[in-house]
2 protein chains.
Amino acid sequence: MPKLVDHEERRAHIVDALLRAAARDGLHAVTMRSVAVEADVSVRLVQYYFDTKERLLLATLERLAVRMGERVRDRVRAAGASTAPRDIVEAVLLEAVPTDEESRTFHLVYTEYAVLSVTDPALGGGSFLAGPAEMEDLLIAQLAAAQRAGDADPGLDARQEAVILLAVSAGLGLSVLLGQRAAGDAAAVLRYHLARIFTGGVKSGAATVR
Amino acid sequence: MPKLVDHEERRAHIVDALLRAAARDGLHAVTMRSVAVEADVSVRLVQYYFDTKERLLLATLERLAVRMGERVRDRVRAAGASTAPRDIVEAVLLEAVPTDEESRTFHLVYTEYAVLSVTDPALGGGSFLAGPAEMEDLLIAQLAAAQRAGDADPGLDARQEAVILLAVSAGLGLSVLLGQRAAGDAAAVLRYHLARIFTGGVKSGAATVR
DNA sequence: CACTTGGTGGTATGTTTGTACCATAAAAGA
DNA sequence: TCTTTTATGGTACAAACATACCACCAAGTG
């Protein structure tokens, strides 16, 4: 046999091609052929590594879910120099606002999958429920911590505020994807909202709008 | 000729069939055949009234946009007994949270179109930019009015608050569509958020969560 | 009564899709 | 060296799709 290829590497290569194709033409327009062309391999190879289209789509969704987790954790760690709840919350929520092209591709395809999962029973197997629920718990914990530390209004309902934060983040991210708003504006609005929750002074570098 | 049919009625009938099919199977799975079956007419008739599939999809999108406007106006008028900004804002924003099946169908297909419009150049012709911009202006006006009347914290930035309200509304609505949250919970969270903006006492019937 | 025209059904056609099948080069194991 | 595997390309095929085409029926119009 030729070169005893690393299967995982090949699979990742093909999945990335699917992500690019889906971001460009839409997830609905993705075909075995278009993925093969994008990955610069033969259609037969796509079949070889994923067998069926459904499995390819499922594998890509799985990869998206994994990378979403990584992205959020990376953000937390990057802002981790300061363990202030406010900075952690801001970092996590800003992840949903796509800035660079890579981020945009990622979130667009993720959103396409999310919407698709509503009608397609093969998808939606909890992949879109685990993430947000986890995020909600994280936000509640951070808000509660900030309240105990006196950095957030103690009169707030941490759970409802967390749900609101998640919704604002998702809503702003979606509006950016739809081209209704610039990423910078969305980020500014998000920081404005955080400033109304966290009473503590501004610690991070970026100004808090105005 | 048979009975000299009302064209607009027939077109509406077929468009409604498309909406049902799209809500059930997904917009990507909609075909001339499936629409014809759902509308209980022959494929030829769908061709006759819409010529091509692209035009059918476009006509449906147009109808969605029109009905979205009607829905919001209806809400405003329904809550119009009280012209209090708070009630108007609440009514408008609650529209994005699907409760009954009809509302769910509508918002699901609307969302599918919105996501589709990102990658499909034939769509997205401003249809998804006009609505939100208009809404934003309405919200800004209502917030400013409430501030002048002393019913809202005068220290708030009306524009940024309006953007946040829109994002919360869209984000909550999306989470309900994705099955992450019950419609009732989403509505409760929205009212909780409004209670933090409008200082005035509760006027409408529904309690303001706690 | 002839005949044009609006409404409808059925069917044919060319294209695209996912997938199955056949072949083969080349490394690894005996 | 002979024979399995592993990895790959090419092609074939049935299904589904959008759309074009043909036929027909019935209601108005002259």
# chains A, B, ... in the order shown; residues from 1 in each chain; ligands from 1
>>> residues_around(residues="segment 7-11 of chain D", least_positions_apart="3", cutoff="12 Å", atoms="only C-alpha atoms (C1' of nucleotides)", output="NGL selection string")
(:A and (1-7 or 10 or 41-49)) or (:C and (20-27))
>>> write_last_selection(atoms="C-alpha atoms (C1' of nucleotides)", output="PDB file, in the first residue's frame")
ATOM      1  CA  MET A   1       0.000   0.000   0.000  1.00  0.00           C
ATOM      2  CA  PRO A   2       1.156   3.561  -0.644  1.00  0.00           C
ATOM      3  CA  LYS A   3       2.035   5.479   2.457  1.00  0.00           C
ATOM      4  CA  LEU A   4      -0.022   4.143   5.339  1.00  0.00           C
ATOM      5  CA  VAL A   5      -1.889   7.390   5.812  1.00  0.00           C
ATOM      6  CA  ASP A   6      -2.947   8.858   9.124  1.00  0.00           C
ATOM      7  CA  HIS A   7      -6.677   8.382   9.041  1.00  0.00           C
ATOM      8  CA  ARG A  10      -7.269  12.717   6.351  1.00  0.00           C
ATOM      9  CA  VAL A  41      -9.437  14.391  -3.474  1.00  0.00           C
ATOM     10  CA  SER A  42     -11.587  11.955  -5.423  1.00  0.00           C
ATOM     11  CA  VAL A  43     -15.183  11.309  -4.467  1.00  0.00           C
ATOM     12  CA  ARG A  44     -14.176   7.731  -3.805  1.00  0.00           C
ATOM     13  CA  LEU A  45     -11.873   8.890  -1.020  1.00  0.00           C
ATOM     14  CA  VAL A  46     -14.623  10.766   0.745  1.00  0.00           C
ATOM     15  CA  GLN A  47     -16.626   7.582   0.607  1.00  0.00           C
ATOM     16  CA  TYR A  48     -13.655   5.598   1.827  1.00  0.00           C
ATOM     17  CA  TYR A  49     -13.152   7.685   4.937  1.00  0.00           C
TER      18      TYR A  49
ATOM     19  C1'  DA C  20     -22.209   0.556  -5.363  1.00  0.00           C
ATOM     20  C1'  DC C  21     -18.950  -1.720  -8.090  1.00  0.00           C
ATOM     21  C1'  DC C  22     -14.552  -2.802 -10.500  1.00  0.00           C
ATOM     22  C1'  DA C  23      -9.824  -2.211 -10.958  1.00  0.00           C
ATOM     23  C1'  DT C  24      -5.029  -1.403  -9.410  1.00  0.00           C
ATOM     24  C1'  DA C  25      -0.703   0.242  -7.286  1.00  0.00           C
ATOM     25  C1'  DA C  26       1.985  -0.449  -3.563  1.00  0.00           C
ATOM     26  C1'  DA C  27       3.474  -1.607   1.041  1.00  0.00           C
TER      27       DA C  27
END
>>> residues_around(residues="segment 153-156 of chain B", least_positions_apart="2", cutoff="12 Å", atoms="only C-alpha atoms (C1' of nucleotides)", output="list in words")
Tyr192, His193, Ala195 and Arg196 of chain A; Ile140, Leu143, Ala144, Ala145, Ala146, Gln147, Arg148, Ala149, Gly150, Asp151, Ala158, Arg159, Gln160, Glu161, Ala162, Ile164, Leu194, Ala195, Arg196, Ile197, Phe198, Thr199 and Gly200 of chain B
>>> select_by_dssp(residues="chain B", states="helix (DSSP H, G or I)", output="number ranges by chain")
B: 7-25, 27-29, 32-39, 43-50, 53-81, 85-94, 101-119, 127-148, 158-177, 183-197
>>> write_last_selection(atoms="C-alpha atoms", output="short mmCIF file (atom, residue, chain, number, x, y, z; two decimals), in the first residue's frame")
data_model
loop_
_atom_site.label_atom_id
_atom_site.label_comp_id
_atom_site.auth_asym_id
_atom_site.auth_seq_id
_atom_site.Cartn_x
_atom_site.Cartn_y
_atom_site.Cartn_z
CA HIS B 7 -55.10 33.85 -8.73
CA GLU B 8 -54.09 35.45 -5.48
CA GLU B 9 -56.10 32.96 -3.49
CA ARG B 10 -54.52 30.02 -5.32
CA ARG B 11 -51.05 31.47 -4.83
CA ALA B 12 -51.66 31.97 -1.14
CA HIS B 13 -52.90 28.40 -0.87
CA ILE B 14 -49.70 27.05 -2.44
CA VAL B 15 -47.45 29.33 -0.40
CA ASP B 16 -49.13 28.12 2.77
CA ALA B 17 -48.48 24.56 1.69
CA LEU B 18 -44.81 25.42 1.24
CA LEU B 19 -44.70 26.93 4.70
CA ARG B 20 -46.14 23.79 6.25
CA ALA B 21 -43.78 21.54 4.32
CA ALA B 22 -40.78 23.68 5.23
CA ALA B 23 -41.69 23.69 8.91
CA ARG B 24 -42.07 19.93 8.90
CA ASP B 25 -39.19 18.74 6.70
CA LEU B 27 -36.67 24.38 3.84
CA HIS B 28 -33.86 22.47 2.16
CA ALA B 29 -36.15 19.48 1.67
CA MET B 32 -41.99 21.21 -6.30
CA ARG B 33 -43.45 17.78 -5.74
CA SER B 34 -43.69 18.00 -1.98
CA VAL B 35 -45.35 21.39 -2.19
CA ALA B 36 -47.80 20.10 -4.77
CA VAL B 37 -48.69 17.12 -2.57
CA GLU B 38 -49.06 19.31 0.51
CA ALA B 39 -51.31 21.73 -1.38
CA VAL B 43 -47.05 19.80 -9.93
CA ARG B 44 -48.11 21.45 -13.14
CA LEU B 45 -50.29 23.87 -11.19
CA VAL B 46 -47.44 24.97 -9.00
CA GLN B 47 -45.52 25.63 -12.18
CA TYR B 48 -48.48 27.45 -13.63
CA TYR B 49 -48.83 29.89 -10.76
CA PHE B 50 -45.14 30.39 -9.94
CA LYS B 53 -39.05 27.13 -7.99
CA GLU B 54 -36.90 30.15 -7.31
CA ARG B 55 -39.87 32.44 -7.86
CA LEU B 56 -41.99 30.31 -5.55
CA LEU B 57 -39.37 30.58 -2.82
CA LEU B 58 -39.11 34.30 -3.37
CA ALA B 59 -42.88 34.78 -3.25
CA THR B 60 -42.99 32.85 0.02
CA LEU B 61 -40.24 34.97 1.50
CA GLU B 62 -42.10 38.10 0.50
CA ARG B 63 -45.22 36.81 2.18
CA LEU B 64 -43.25 36.02 5.31
CA ALA B 65 -41.84 39.54 5.43
CA VAL B 66 -45.27 41.08 4.98
CA ARG B 67 -46.83 38.90 7.64
CA MET B 68 -44.00 39.65 10.04
CA GLY B 69 -44.86 43.31 9.75
CA GLU B 70 -48.54 42.59 10.26
CA ARG B 71 -47.83 40.44 13.28
CA VAL B 72 -45.85 43.15 15.00
CA ARG B 73 -48.44 45.79 14.16
CA ASP B 74 -51.19 43.49 15.43
CA ARG B 75 -49.35 43.06 18.70
CA VAL B 76 -48.95 46.78 19.10
CA ARG B 77 -52.61 47.33 18.38
CA ALA B 78 -53.70 44.51 20.69
CA ALA B 79 -51.73 46.00 23.55
CA GLY B 80 -52.74 49.38 22.26
CA ALA B 81 -55.42 49.86 24.85
CA PRO B 85 -44.21 52.30 26.17
CA ARG B 86 -43.53 49.35 28.43
CA ASP B 87 -46.58 47.45 27.22
CA ILE B 88 -45.83 48.21 23.60
CA VAL B 89 -42.23 47.12 23.91
CA GLU B 90 -43.21 43.95 25.72
CA ALA B 91 -45.81 43.07 23.12
CA VAL B 92 -43.45 43.61 20.22
CA LEU B 93 -40.62 41.60 21.74
CA LEU B 94 -42.82 38.70 22.82
CA GLU B 101 -47.93 25.86 16.56
CA GLU B 102 -48.78 28.49 13.97
CA SER B 103 -46.34 30.92 15.50
CA ARG B 104 -43.68 28.25 15.68
CA THR B 105 -44.10 27.34 12.02
CA PHE B 106 -43.86 30.95 11.05
CA HIS B 107 -40.72 31.75 13.01
CA LEU B 108 -38.98 28.51 12.14
CA VAL B 109 -39.37 29.04 8.42
CA TYR B 110 -38.47 32.69 8.80
CA THR B 111 -35.25 31.68 10.55
CA GLU B 112 -34.50 29.10 7.90
CA TYR B 113 -34.83 31.78 5.25
CA ALA B 114 -32.64 34.16 7.23
CA VAL B 115 -29.83 31.62 7.48
CA LEU B 116 -30.28 30.63 3.87
CA SER B 117 -30.01 34.25 2.77
CA VAL B 118 -26.46 34.42 4.08
CA THR B 119 -25.17 32.03 1.43
CA SER B 127 -35.57 41.64 3.22
CA PHE B 128 -33.77 40.79 6.44
CA LEU B 129 -32.30 44.22 6.96
CA ALA B 130 -35.37 46.42 6.64
CA GLY B 131 -37.39 44.74 9.39
CA PRO B 132 -34.90 44.85 12.25
CA ALA B 133 -33.78 48.39 11.47
CA GLU B 134 -37.38 49.55 11.62
CA MET B 135 -37.89 47.70 14.89
CA GLU B 136 -34.80 49.28 16.33
CA ASP B 137 -36.12 52.75 15.63
CA LEU B 138 -39.47 51.89 17.17
CA LEU B 139 -37.83 50.61 20.33
CA ILE B 140 -35.56 53.63 20.61
CA ALA B 141 -38.55 55.92 20.33
CA GLN B 142 -40.50 54.02 22.98
CA LEU B 143 -37.56 53.93 25.36
CA ALA B 144 -36.94 57.64 24.94
CA ALA B 145 -40.64 58.34 25.55
CA ALA B 146 -40.57 56.26 28.72
CA GLN B 147 -37.51 58.12 29.91
CA ARG B 148 -39.18 61.46 29.34
CA ALA B 158 -31.75 54.23 24.53
CA ARG B 159 -30.03 53.04 21.37
CA GLN B 160 -27.87 50.43 23.02
CA GLU B 161 -30.75 49.25 25.17
CA ALA B 162 -32.85 48.86 22.05
CA VAL B 163 -30.17 46.75 20.39
CA ILE B 164 -29.93 44.61 23.52
CA LEU B 165 -33.70 44.16 23.62
CA LEU B 166 -33.73 43.06 20.01
CA ALA B 167 -30.89 40.63 20.64
CA VAL B 168 -32.51 39.19 23.77
CA SER B 169 -35.76 38.74 21.91
CA ALA B 170 -34.11 37.03 18.95
CA GLY B 171 -31.85 34.93 21.13
CA LEU B 172 -34.68 33.72 23.34
CA GLY B 173 -36.87 33.01 20.33
CA LEU B 174 -34.11 30.98 18.71
CA SER B 175 -33.50 28.97 21.86
CA VAL B 176 -37.20 28.12 22.02
CA LEU B 177 -37.15 27.02 18.38
CA ALA B 183 -41.73 29.33 25.59
CA GLY B 184 -43.07 30.22 29.00
CA ASP B 185 -39.60 30.42 30.52
CA ALA B 186 -38.37 32.62 27.69
CA ALA B 187 -41.31 34.99 28.16
CA ALA B 188 -40.68 35.14 31.90
CA VAL B 189 -37.02 36.00 31.38
CA LEU B 190 -37.97 38.70 28.90
CA ARG B 191 -40.37 40.26 31.40
CA TYR B 192 -37.71 40.09 34.09
CA HIS B 193 -35.37 42.03 31.84
CA LEU B 194 -38.01 44.63 31.04
CA ALA B 195 -38.66 45.10 34.74
CA ARG B 196 -35.06 46.21 35.10
CA ILE B 197 -35.45 48.87 32.45
#
>>> closest_residue(among="B:Asp40, B:Asp120, B:Asp100, B:Asp51", to="chain D", atoms="only C-alpha atoms (C1' of nucleotides)")
B:Asp51
>>> interface_residues(of="chain C", to="chain B", cutoff="12 Å", atoms="only C-alpha atoms (C1' of nucleotides)", output="JSON, numbers by chain")
{"C": [4, 5, 6, 7, 8, 9, 10, 11]}
>>> write_last_selection(atoms="C-alpha atoms (C1' of nucleotides)", output="mmCIF file, in the first residue's frame")
data_model
loop_
_atom_site.group_PDB
_atom_site.id
_atom_site.type_symbol
_atom_site.label_atom_id
_atom_site.label_comp_id
_atom_site.auth_asym_id
_atom_site.auth_seq_id
_atom_site.Cartn_x
_atom_site.Cartn_y
_atom_site.Cartn_z
ATOM 1 C "C1'" DT C 4 -59.895 31.651 -28.821
ATOM 2 C "C1'" DT C 5 -57.967 31.444 -24.311
ATOM 3 C "C1'" DG C 6 -57.399 30.454 -19.287
ATOM 4 C "C1'" DG C 7 -56.792 26.463 -16.267
ATOM 5 C "C1'" DT C 8 -55.340 21.740 -15.617
ATOM 6 C "C1'" DG C 9 -53.263 16.914 -15.967
ATOM 7 C "C1'" DG C 10 -49.797 13.874 -17.525
ATOM 8 C "C1'" DT C 11 -45.478 12.809 -19.242
#
>>> closest_residue(among="B:Leu178, B:Ala84, B:Ala122, B:Ala152", to="chain A", atoms="only C-alpha atoms")
B:Leu178
>>> atom_distance(atom1="atom CA of Thr52 of chain A", atom2="atom C1' of DA15 of chain D")
16.3 Å
>>> closest_atom_pairs(of="chain D", to="chain B", cutoff="8 Å", atoms="only C-alpha atoms (C1' of nucleotides)", output="tab-separated table")
residue	atom	partner	partner_atom	distance
D:DC17	C1'	B:Thr31	CA	7.8
D:DA18	C1'	B:Lys53	CA	7.6
D:DT19	C1'	B:Thr52	CA	7.9
D:DC25	C1'	B:Met1	CA	7.3
D:DA26	C1'	B:Met1	CA	4.5
D:DA27	C1'	B:Met1	CA	4.6
D:DG28	C1'	B:Met1	CA	7.9
